[in-house]
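As provided, work_11.txt (compact mmCIF, C-alpha atoms) reads as follows.
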```
# COMPACT_ATOMS: atom_id res chain seq x y z
CA MET E 2 82.18 100.94 95.53
CA THR E 3 80.51 102.75 92.65
CA THR E 4 83.86 104.03 91.52
CA GLN E 5 85.20 100.55 90.97
CA GLY E 6 84.86 100.96 87.23
CA ALA E 7 87.18 103.95 87.27
CA LEU E 8 89.92 102.13 89.10
CA LYS E 9 92.71 100.45 87.24
CA THR E 10 93.54 96.82 87.79
CA PHE E 11 97.22 96.04 87.51
CA HIS E 12 98.69 92.73 86.48
CA ASP E 13 102.11 93.81 87.63
CA ILE E 14 103.82 96.79 89.20
CA GLU E 15 107.54 97.26 89.64
CA LEU E 16 109.06 100.59 90.62
CA VAL E 17 112.80 100.73 91.15
CA GLY E 18 114.35 103.64 93.02
CA GLY E 19 117.80 104.47 94.31
CA LYS E 20 117.53 102.25 97.35
CA VAL E 21 114.36 100.20 97.22
CA ARG E 22 112.13 98.40 94.82
CA LEU E 23 108.32 98.28 95.09
CA ARG E 24 106.33 95.29 93.86
CA PRO E 25 102.85 93.92 94.56
CA VAL E 26 102.34 92.13 97.85
CA ARG E 27 102.19 88.37 97.29
CA ALA E 28 100.20 85.75 99.14
CA THR E 29 103.49 84.42 100.49
CA ASP E 30 104.34 87.74 102.18
CA GLY E 31 101.96 87.03 105.09
CA GLU E 32 104.66 85.37 107.17
CA ALA E 33 107.01 88.35 106.87
CA VAL E 34 104.26 90.86 107.66
CA PHE E 35 103.31 88.86 110.75
CA HIS E 36 106.94 88.84 111.83
CA PHE E 37 107.20 92.63 111.58
CA PHE E 38 103.79 93.32 113.15
CA SER E 39 104.78 91.20 116.16
CA ASP E 40 107.30 93.97 116.92
CA ASP E 41 105.86 96.77 119.08
CA ARG E 42 108.23 99.27 117.52
CA VAL E 43 106.40 98.82 114.21
CA THR E 44 102.82 98.77 115.46
CA HIS E 45 103.44 101.61 117.97
CA ASN E 46 103.03 104.12 115.16
CA LEU E 47 100.39 102.38 113.07
CA PRO E 48 96.73 103.37 113.38
CA PHE E 49 95.29 100.04 114.39
CA GLU E 50 94.99 98.13 117.61
CA GLY E 51 96.86 94.94 118.32
CA PRO E 52 97.25 92.15 119.01
CA VAL E 53 98.27 90.85 115.66
CA CYS E 54 97.07 87.42 114.74
CA HIS E 55 99.04 85.10 112.50
CA GLU E 56 96.00 84.00 110.51
CA ASP E 57 94.92 87.61 109.96
CA GLU E 58 98.21 88.53 108.34
CA LEU E 59 98.25 85.45 106.13
CA GLU E 60 94.71 86.31 105.06
CA TRP E 61 95.67 89.97 104.54
CA ALA E 62 98.55 89.02 102.25
CA ARG E 63 96.37 86.60 100.29
CA LYS E 64 93.83 89.36 99.63
CA ALA E 65 96.44 92.08 99.10
CA ALA E 66 97.89 90.04 96.25
CA ALA E 67 95.04 91.30 94.03
CA LEU E 68 95.43 94.93 92.93
CA PRO E 69 93.48 96.89 93.84
CA ASN E 70 92.20 95.02 96.83
CA VAL E 71 89.51 96.06 99.24
CA ALA E 72 90.96 96.81 102.63
CA PRO E 73 89.08 95.67 105.76
CA ASN E 74 87.66 99.17 106.09
CA ALA E 75 86.19 98.82 102.59
CA ARG E 76 88.46 101.35 100.91
CA TRP E 77 90.20 100.46 97.70
CA ALA E 78 93.89 100.04 98.19
CA TYR E 79 97.09 99.24 96.34
CA PRO E 80 99.50 97.71 98.87
CA LEU E 81 103.08 97.44 97.60
CA ALA E 82 105.92 95.49 99.17
CA ILE E 83 109.18 97.35 99.86
CA GLU E 84 112.36 95.38 99.07
CA GLN E 85 116.00 96.35 99.16
CA ILE E 86 117.44 96.47 95.68
CA GLY E 87 119.18 93.22 94.83
CA GLN E 88 117.93 91.61 98.03
CA PRO E 89 114.51 90.04 97.60
CA GLY E 90 112.27 89.86 100.65
CA LEU E 91 109.69 92.21 102.08
CA ILE E 92 111.08 94.71 104.60
CA GLY E 93 108.00 96.95 104.72
CA VAL E 94 104.86 97.99 102.92
CA VAL E 95 103.68 101.22 101.32
CA THR E 96 99.96 101.40 100.54
CA LEU E 97 97.83 103.82 98.56
CA HIS E 98 94.26 103.91 99.87
CA MET E 99 91.53 105.66 97.95
CA GLY E 100 90.12 108.61 99.92
CA VAL E 101 86.60 110.02 99.78
CA HIS E 102 87.06 110.58 96.06
CA GLU E 103 88.90 108.60 93.40
CA GLN E 104 91.36 111.46 92.83
CA GLN E 105 92.31 111.55 96.50
CA TRP E 106 94.85 108.97 97.67
CA GLU E 107 96.06 108.42 101.19
CA VAL E 108 99.53 106.95 101.50
CA GLY E 109 100.62 104.88 104.48
CA TYR E 110 103.87 103.05 105.09
CA TRP E 111 105.90 101.08 107.60
CA LEU E 112 109.34 99.54 107.65
CA GLY E 113 110.98 96.89 109.83
CA PRO E 114 113.09 98.55 112.59
CA TRP E 115 116.36 96.99 111.38
CA HIS E 116 115.92 99.00 108.21
CA TRP E 117 115.22 102.38 109.76
CA GLY E 118 117.59 105.28 109.16
CA ASN E 119 118.73 104.20 105.70
CA GLY E 120 116.47 106.39 103.58
CA TYR E 121 114.39 103.38 102.50
CA ALA E 122 111.06 104.88 103.57
CA THR E 123 111.88 108.16 101.84
CA ASP E 124 112.68 106.31 98.62
CA ALA E 125 109.58 104.10 98.91
CA LEU E 126 107.31 107.11 99.48
CA ARG E 127 108.92 108.90 96.55
CA LEU E 128 108.08 105.94 94.25
CA ALA E 129 104.56 105.58 95.65
CA THR E 130 103.97 109.30 95.07
CA HIS E 131 105.07 108.92 91.47
CA PHE E 132 102.73 105.94 91.11
CA ALA E 133 99.74 107.84 92.55
CA PHE E 134 100.10 110.92 90.35
CA THR E 135 101.23 109.15 87.18
CA HIS E 136 99.23 105.93 87.20
CA LEU E 137 96.26 106.63 89.48
CA ASP E 138 95.75 110.20 88.21
CA ALA E 139 95.71 111.57 91.76
CA LEU E 140 94.82 115.18 92.35
CA ARG E 141 96.21 115.04 95.84
CA VAL E 142 98.16 112.56 97.94
CA TYR E 143 97.86 112.86 101.70
CA ALA E 144 99.20 111.13 104.79
CA THR E 145 98.54 111.14 108.52
CA VAL E 146 101.23 110.60 111.14
CA PHE E 147 101.08 110.46 114.95
CA THR E 148 102.78 113.55 116.38
CA ARG E 149 105.12 111.28 118.34
CA ASN E 150 106.59 110.00 115.07
CA GLY E 151 108.94 112.74 113.94
CA ALA E 152 110.93 110.39 111.71
CA SER E 153 107.88 109.66 109.61
CA ARG E 154 107.10 113.34 109.25
CA ARG E 155 110.62 113.95 107.95
CA VAL E 156 110.05 111.25 105.34
CA LEU E 157 107.02 113.23 104.14
CA GLU E 158 108.80 116.58 104.23
CA LYS E 159 111.73 115.22 102.23
CA ASN E 160 109.16 114.25 99.62
CA GLY E 161 107.71 117.74 99.48
CA PHE E 162 104.58 117.13 101.55
CA ASN E 163 103.13 120.15 103.36
CA LEU E 164 102.01 119.99 106.99
CA ASP E 165 98.40 121.19 106.71
CA ALA E 166 97.08 120.54 110.18
CA THR E 167 97.75 119.04 113.57
CA ARG E 168 94.46 117.39 114.36
CA ARG E 169 94.15 117.06 118.11
CA ALA E 170 92.83 113.85 119.67
CA GLN E 171 92.24 112.44 116.21
CA VAL E 172 93.20 108.76 116.58
CA LEU E 173 92.21 106.21 119.18
CA LYS E 174 95.25 104.00 119.79
CA ALA E 175 95.57 101.55 122.65
CA GLY E 176 93.07 103.48 124.76
CA ASP E 177 94.54 106.94 124.13
CA TYR E 178 93.45 109.67 121.78
CA LEU E 179 96.54 110.82 119.91
CA ASP E 180 97.25 114.01 117.98
CA GLU E 181 97.96 113.52 114.33
CA TRP E 182 99.77 115.48 111.63
CA TYR E 183 97.92 115.79 108.37
CA CYS E 184 100.18 116.27 105.34
CA THR E 185 99.35 116.81 101.69
CA LEU E 186 101.05 117.03 98.31
CA LEU E 187 99.03 118.58 95.48
CA ARG E 188 99.25 117.69 91.83
CA PRO E 189 100.71 121.06 90.73
CA GLU E 190 103.47 120.63 93.33
CA TRP E 191 104.29 117.20 91.99
CA GLU E 192 104.19 118.47 88.43
CA SER E 193 106.64 121.26 89.14
CA ARG E 194 109.31 118.68 90.03
CA LYS E 195 107.99 115.40 88.69
CA GLU E 196 111.44 114.31 87.51
CA TRP E 197 112.50 114.11 91.13
CA TYR E 198 109.85 111.45 91.81
CA GLN E 199 110.66 109.46 88.65
CA PRO E 200 111.80 105.87 89.33
CA LYS E 201 115.09 104.65 87.87
CA SER E 202 113.01 102.07 86.07
CA GLU E 203 109.42 100.96 86.15
CA HIS E 204 107.41 98.13 84.80
CA ILE E 205 103.63 98.58 84.93
CA VAL E 206 101.17 96.17 83.35
CA VAL E 207 97.59 97.43 83.39
CA LEU E 208 94.87 94.80 83.09
CA ALA E 209 91.90 97.11 82.74
CA MET U 30 87.04 102.94 126.52
CA GLY U 31 85.79 101.09 123.50
CA ASP U 32 82.30 101.27 124.94
CA THR U 33 80.21 101.75 121.84
CA ALA U 34 76.93 101.72 123.77
CA PHE U 35 75.34 104.82 122.41
CA LYS U 36 72.68 107.01 123.94
CA THR U 37 69.06 107.10 122.88
CA PHE U 38 66.62 109.83 123.85
CA LYS U 39 62.90 110.18 123.45
CA ASN U 40 63.18 113.93 123.47
CA ILE U 41 65.75 116.67 123.94
CA GLU U 42 65.13 120.36 124.40
CA MET U 43 67.73 122.96 125.24
CA LEU U 44 66.94 126.62 125.87
CA GLY U 45 69.75 129.15 125.69
CA GLU U 46 70.02 132.94 125.65
CA ARG U 47 68.71 133.37 122.11
CA VAL U 48 67.71 130.00 120.71
CA ARG U 49 65.97 126.80 121.53
CA LEU U 50 67.18 123.45 120.22
CA ARG U 51 64.76 120.59 119.69
CA PRO U 52 64.99 117.45 117.56
CA LEU U 53 64.80 118.14 113.84
CA ARG U 54 61.61 116.77 112.24
CA PRO U 55 60.68 115.69 108.71
CA GLU U 56 58.10 118.53 108.65
CA ASP U 57 60.96 121.05 108.96
CA ALA U 58 62.00 120.23 105.38
CA VAL U 59 59.74 122.87 103.81
CA LEU U 60 61.11 125.79 105.82
CA ALA U 61 64.62 124.40 105.71
CA TYR U 62 64.49 124.23 101.93
CA ALA U 63 63.27 127.81 101.69
CA LEU U 64 66.32 128.94 103.68
CA VAL U 65 68.91 126.56 102.25
CA ARG U 66 68.15 127.31 98.58
CA ASP U 67 69.75 130.72 99.06
CA GLY U 68 73.14 130.43 97.37
CA GLN U 69 74.88 132.01 100.36
CA VAL U 70 73.74 129.06 102.49
CA THR U 71 74.13 126.35 99.82
CA ARG U 72 77.76 127.40 99.35
CA ILE U 73 78.75 126.63 102.91
CA LEU U 74 76.96 123.29 103.36
CA GLY U 75 79.04 120.14 103.62
CA TRP U 76 77.12 118.70 100.70
CA ASP U 77 76.04 120.14 97.35
CA GLY U 78 72.59 120.99 98.71
CA PRO U 79 69.14 119.84 97.62
CA ALA U 80 68.19 120.10 93.95
CA ASP U 81 64.55 120.68 94.88
CA GLU U 82 62.14 120.54 97.80
CA GLN U 83 61.51 116.87 97.19
CA GLU U 84 65.17 116.04 97.71
CA MET U 85 65.13 118.08 100.92
CA GLN U 86 62.13 116.10 102.14
CA HIS U 87 63.89 112.90 101.25
CA THR U 88 66.98 114.03 103.19
CA TYR U 89 64.82 115.02 106.16
CA ALA U 90 62.87 111.77 106.25
CA SER U 91 65.20 110.24 108.84
CA VAL U 92 66.40 113.27 110.82
CA GLY U 93 66.12 113.80 114.55
CA LEU U 94 67.30 111.49 117.30
CA PRO U 95 68.70 108.09 116.37
CA SER U 96 66.99 105.03 117.78
CA GLN U 97 69.97 102.81 117.00
CA GLY U 98 73.67 103.25 116.32
CA GLN U 99 74.73 103.47 112.69
CA GLY U 100 78.49 103.67 113.08
CA GLN U 101 79.95 106.87 111.66
CA SER U 102 76.51 107.84 110.36
CA THR U 103 74.96 108.00 113.82
CA THR U 104 73.58 111.54 113.86
CA TYR U 105 71.64 113.65 116.37
CA SER U 106 70.11 116.60 114.54
CA PHE U 107 68.43 119.64 116.04
CA ALA U 108 66.29 122.47 114.75
CA ILE U 109 67.46 125.94 115.78
CA GLU U 110 64.45 128.06 116.76
CA ARG U 111 64.42 131.72 117.77
CA LEU U 112 63.64 131.84 121.44
CA GLU U 113 61.09 134.65 121.40
CA ASP U 114 58.83 133.37 118.61
CA ALA U 115 59.88 129.75 117.84
CA MET U 116 60.83 130.80 114.30
CA PHE U 117 62.71 127.99 112.48
CA MET U 118 66.14 129.41 111.59
CA GLY U 119 68.39 126.48 110.73
CA SER U 120 69.81 123.25 112.05
CA ILE U 121 72.77 121.82 113.90
CA ALA U 122 73.78 118.17 113.92
CA VAL U 123 76.41 116.00 115.57
CA ARG U 124 77.78 112.79 114.13
CA LEU U 125 79.77 110.20 116.05
CA ARG U 126 82.97 110.10 114.05
CA PRO U 127 85.59 108.95 113.48
CA SER U 128 84.96 107.03 116.74
CA PRO U 129 81.83 106.97 118.94
CA GLN U 130 83.46 109.38 121.42
CA GLN U 131 84.64 111.82 118.79
CA VAL U 132 81.81 114.08 117.79
CA ASP U 133 81.73 116.08 114.58
CA VAL U 134 79.39 119.06 114.43
CA ARG U 135 77.83 120.64 111.35
CA TYR U 136 75.40 123.53 111.21
CA TRP U 137 73.77 126.22 109.13
CA VAL U 138 71.38 129.08 109.75
CA GLY U 139 69.33 131.05 107.20
CA VAL U 140 70.75 134.33 105.87
CA PRO U 141 68.05 136.50 107.55
CA PHE U 142 69.36 135.24 110.88
CA TRP U 143 73.07 135.79 110.34
CA ASN U 144 75.03 137.95 112.79
CA GLY U 145 72.38 137.73 115.49
CA GLY U 146 74.41 135.50 117.81
CA TYR U 147 71.98 132.64 117.18
CA MET U 148 74.52 130.21 115.80
CA THR U 149 76.97 130.90 118.61
CA ASP U 150 74.27 130.10 121.17
CA ALA U 151 73.22 126.96 119.26
CA LEU U 152 76.77 125.66 119.01
CA ARG U 153 77.39 126.44 122.67
CA MET U 154 74.56 124.17 123.80
CA THR U 155 75.47 121.49 121.27
CA VAL U 156 78.97 121.37 122.75
CA HIS U 157 77.36 120.90 126.15
CA PHE U 158 75.22 118.07 124.79
CA ALA U 159 78.20 116.31 123.20
CA PHE U 160 80.45 116.40 126.26
CA GLU U 161 77.83 116.11 129.00
CA HIS U 162 75.42 113.59 127.47
CA LEU U 163 77.37 111.77 124.74
CA GLU U 164 80.58 111.67 126.81
CA ALA U 165 82.63 112.96 123.91
CA VAL U 166 86.40 113.24 124.23
CA ARG U 167 86.53 115.76 121.40
CA VAL U 168 84.19 117.89 119.32
CA SER U 169 85.42 118.78 115.83
CA ALA U 170 84.16 120.98 113.00
CA THR U 171 85.22 121.49 109.41
CA VAL U 172 84.60 124.79 107.63
CA TYR U 173 85.39 125.79 104.05
CA VAL U 174 88.20 128.29 103.84
CA GLY U 175 86.80 131.81 103.65
CA ASN U 176 83.75 131.21 105.82
CA GLY U 177 84.75 133.78 108.39
CA GLY U 178 81.33 133.86 110.04
CA SER U 179 81.49 130.19 110.90
CA LYS U 180 85.08 130.51 112.07
CA ARG U 181 84.07 133.24 114.52
CA VAL U 182 81.22 131.09 115.86
CA LEU U 183 83.74 128.32 116.59
CA GLU U 184 86.31 130.64 118.13
CA LYS U 185 83.72 132.28 120.38
CA ASN U 186 82.95 128.80 121.66
CA GLY U 187 86.59 128.11 122.49
CA PHE U 188 87.46 125.90 119.52
CA HIS U 189 91.11 125.63 118.53
CA PHE U 190 92.22 126.03 114.92
CA ASP U 191 94.12 122.83 114.05
CA GLY U 192 94.98 123.71 110.48
CA GLN U 193 93.98 124.13 106.87
CA MET U 194 93.55 120.95 104.84
CA ARG U 195 94.27 121.69 101.21
CA CYS U 196 91.91 120.41 98.49
CA ALA U 197 90.11 118.31 101.08
CA TYR U 198 86.57 118.33 99.72
CA GLN U 199 84.81 118.64 96.43
CA LYS U 200 81.98 121.16 96.49
CA LEU U 201 79.80 121.84 93.45
CA GLY U 202 82.54 120.40 91.24
CA GLU U 203 85.43 122.34 92.75
CA TRP U 204 88.07 121.32 95.25
CA GLN U 205 87.94 123.31 98.45
CA ASP U 206 90.44 123.89 101.21
CA ALA U 207 88.99 123.39 104.67
CA TRP U 208 89.69 124.71 108.15
CA PHE U 209 89.66 122.11 110.89
CA PHE U 210 88.73 123.00 114.47
CA THR U 211 88.66 120.98 117.68
CA LEU U 212 87.58 121.41 121.28
CA LEU U 213 88.91 118.86 123.77
CA ARG U 214 87.12 117.47 126.78
CA ARG U 215 89.56 119.02 129.25
CA GLU U 216 89.04 122.44 127.65
CA TRP U 217 85.30 122.06 128.02
CA GLU U 218 85.73 120.90 131.64
CA GLU U 219 87.66 124.06 132.51
CA GLN U 220 84.63 126.18 131.71
CA ARG U 221 81.75 123.79 131.47
CA GLU U 222 79.30 126.21 133.05
CA ARG U 223 79.48 128.60 130.14
CA TYR U 224 78.22 125.90 127.78
CA ARG U 225 75.27 124.89 129.94
CA PRO U 226 71.76 125.70 128.63
CA ARG U 227 69.52 127.85 130.80
CA ILE U 228 67.00 125.05 130.73
CA GLU U 229 67.32 121.54 129.38
CA LEU U 230 64.81 118.77 129.17
CA LEU U 231 66.15 115.35 128.36
CA ALA U 232 63.95 112.30 128.17
CA PRO U 233 66.02 109.10 127.95
CA ALA U 234 64.50 106.40 125.78
```

As structure tokens, please, write out the structure in this file.
Amino acid sequence: MTTQGALKTFHDIELVGGKVRLRPVRATDGEAVFHFFSDDRVTHNLPFEGPVCHEDELEWARKAAALPNVAPNARWAYPLAIEQIGQPGLIGVVTLHMGVHEQQWEVGYWLGPWHWGNGYATDALRLATHFAFTHLDALRVYATVFTRNGASRRVLEKNGFNLDATRRAQVLKAGDYLDEWYCTLLRPEWESRKEWYQPKSEHIVVLA
Amino acid sequence: MGDTAFKTFKNIEMLGERVRLRPLRPEDAVLAYALVRDGQVTRILGWDGPADEQEMQHTYASVGLPSQGQGQSTTYSFAIERLEDAMFMGSIAVRLRPSPQQVDVRYWVGVPFWNGGYMTDALRMTVHFAFEHLEAVRVSATVYVGNGGSKRVLEKNGFHFDGQMRCAYQKLGEWQDAWFFTLLRREWEEQRERYRPRIELLAPA
């Protein structure tokens, strides 16, 4: 928590890509998040245990509406809603969590199953990567993915992430210890092709 | 599963081929500092190392066997002594993380004792302790890239190289890549006898 002073507070964030638009999560998004988390296909590949509780998600969205917010595990986080362009309504979330150091950011994401296979996650991760390196001054962005989730790994690889390690028995999920891929993208790698990550348009209002 | 009841011991002693492990004590700080202040040791520690002996004593104030769980900070730390003369050579510690059944091991031994097989013996018995007495499902270790000595100690004990995490840790102001190693319970079970100490004395609390 001592690094709080170094973290930026945003009044507004809008990142528009080729397929999706990212914006801050709003208190009213709780209902949609609950809807998606009630679907096993979504939570199957997320690193937390069910069951999902309606009140929890409403509470999560209420807290997430402040950027950055403190996640339940006490890490600073910027959760951003994923929307289709021209079609308001949350279809997923991409979140940047601060790692052990304020220049290390972990990115996590999920998308409603109806929206899989359209390149939305790839576009959302691309925008979030831009946000982390440009606006959070990240030195490194990293992500972890269950080894049963090949689609998610492809989303990372399309965005230039390197597979650093396959950590065996890393995550406890529903009573099983699962292997996990650990992927990273370093600042020099982002810099060498930063135009590729550039949003079509962005609107960022920094409070402090 | 999900049983977070964690084990408390009054005393633990494990005698191997070359070393003896016993709970680390605050009084070990003086000798530990004398060994750790060598740059070759400081460089490989998972933290920046003590600025002075006082900081080492402060760090050592709460070492040894935990009397209560402290989440991911729950640590069992041991002194590594040379078997023939009880010389203090270094320490090895296990932390329950990221979950209570996943055990992360960290260790160091003073430069005068490198390449004597001491660390390999110490890690061997610590693996036994983690799987046999803490019921670990996995033991993991993280080593800075380039620390070939530590890598060999892990490989001799059957650890698997999971990968190289780039820019994972900041050490003395610089970002370091790190090697990540794991040993799974089933791998330990296949040859559990080789990890067993010659003599062990465990006193449950």

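What separates CA of Gln199 (chain U) from CA of Val172 (chain E) is a distance of 24.0 Å.
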
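Atom pair CA of Leu44 (chain U) / CA of Glu113 (chain U): separated by 10.9 Å.
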
Open item on the list: Applying 9 Å and only C-alpha atoms, which residues near region 59-74 of chain U remain after dropping the ones on its own chain fewer than 6 positions away? List them as a PyMOL selection string.
Closed with: chain U and resi 80-82+85-86+117-120+135-141+172-173+176+200-201

Task: Residue among U:Glu56, U:Asp206, U:Glu164, U:Glu218 lying closest to chain E, counting only C-alpha atoms - done: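 Selected residue with least distance to chain E: U:Asp206.
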
Would you place a box with edges along x, y and z of the file around all atoms of region 172-183 of chain U listed there, add 8 Å to each of its six sides, and report the centre and edge lengths in Å to one decimal, as lines of an AutoDock Vina configuration file?
```
center_x = 84.7
center_y = 129.3
center_z = 110.1
size_x = 23.0
size_y = 25.1
size_z = 28.9
```

TODO: Give as a ChimeraX atom specification every residue of chain E that touches chain U within 7 Å, counting only C-alpha atoms.
DONE: /E:165-170,176

Open item on the list: As an exercise, work out the distance from CA of Thr104 (chain U) to CA of Leu231 (chain U) in Å and give it to one decimal place.
Closed with: 16.7 Å

Task: Spatial neighbours of Cys184 (chain E), max dist 7 Å, all atoms listed in the file, sep filter under 4 positions, as a list in words - done: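 Non-adjacent residues within range: Tyr143, Ala144, Thr145, Phe162, Asn163, Leu164 and Asp165 of chain E.
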
Open item on the list: Calculated over all atoms listed in the file, which of the candidates E:Val156, E:Leu137, E:Arg27, E:Arg194 has the smallest distance to Val207 (chain E)?
Closed with: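 Closest to Val207 (chain E), using all atoms listed in the file: E:Leu137.
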
TODO: Name the closest residue to Glu46 (chain U) among the candidates U:Ala234, U:Ala151, U:Ala108, U:Ala58; distances are taken between atoms, counting all atoms listed in the file.
DONE: U:Ala151

Open item on the list: Just checking: using all atoms listed in the file, which residue out of E:Trp197, E:Trp182, E:Phe49, E:Phe35 ends up closest to Leu128 (chain E)?
Closed with: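 With all atoms listed in the file as the atom set, the closest residue is E:Trp197.
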
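Between Gly146 (chain U) and the residues U:Pro129, U:Pro226, U:Gly178, U:Gly202, the shortest atom-to-atom distance, using all atoms listed in the file, involves U:Gly178.
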
Just want the 8 Å neighbourhood of Arg225 (chain U), counted on only C-alpha atoms, with same-chain residues fewer than 2 positions away dropped. Output as a short mmCIF file (atom, residue, chain, number, x, y, z; two decimals) with C-alpha atoms, in the frame of the given file.
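Just written: result10.cif:
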```
data_model
loop_
_atom_site.label_atom_id
_atom_site.label_comp_id
_atom_site.auth_asym_id
_atom_site.auth_seq_id
_atom_site.Cartn_x
_atom_site.Cartn_y
_atom_site.Cartn_z
CA ARG U 153 77.39 126.44 122.67
CA MET U 154 74.56 124.17 123.80
CA HIS U 157 77.36 120.90 126.15
CA ARG U 221 81.75 123.79 131.47
CA GLU U 222 79.30 126.21 133.05
CA ARG U 223 79.48 128.60 130.14
CA ARG U 227 69.52 127.85 130.80
#
```

Open item on the list: Taking 5 positions as the minimum chain separation for residues in the same chain, which residues sit within 9 Å of Gly19 (chain E) when counting all atoms listed in the file? Answer as a list in words.
Closed with: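 Here the qualifying residues turn out to be Ile86, Tyr121, Asp124, Pro200 and Lys201 of chain E.
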
TODO: Tell me, as a ChimeraX atom specification, which residues lie within 9 Å of region 90-107 of chain E, counting only C-alpha atoms; anything in the same chain fewer than 5 positions away does not count.
DONE: /E:4,7-8,23,26,30,33-34,37,72,76-85,112-113,115-116,122,125-126,129-130,133,137-145 /U:197-199

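Distance annotation: of E:Leu16, E:Leu208, E:Ala66, E:Leu179, the residue with the minimal separation from Val146 (chain E) is E:Leu179; atom set is all atoms listed in the file.
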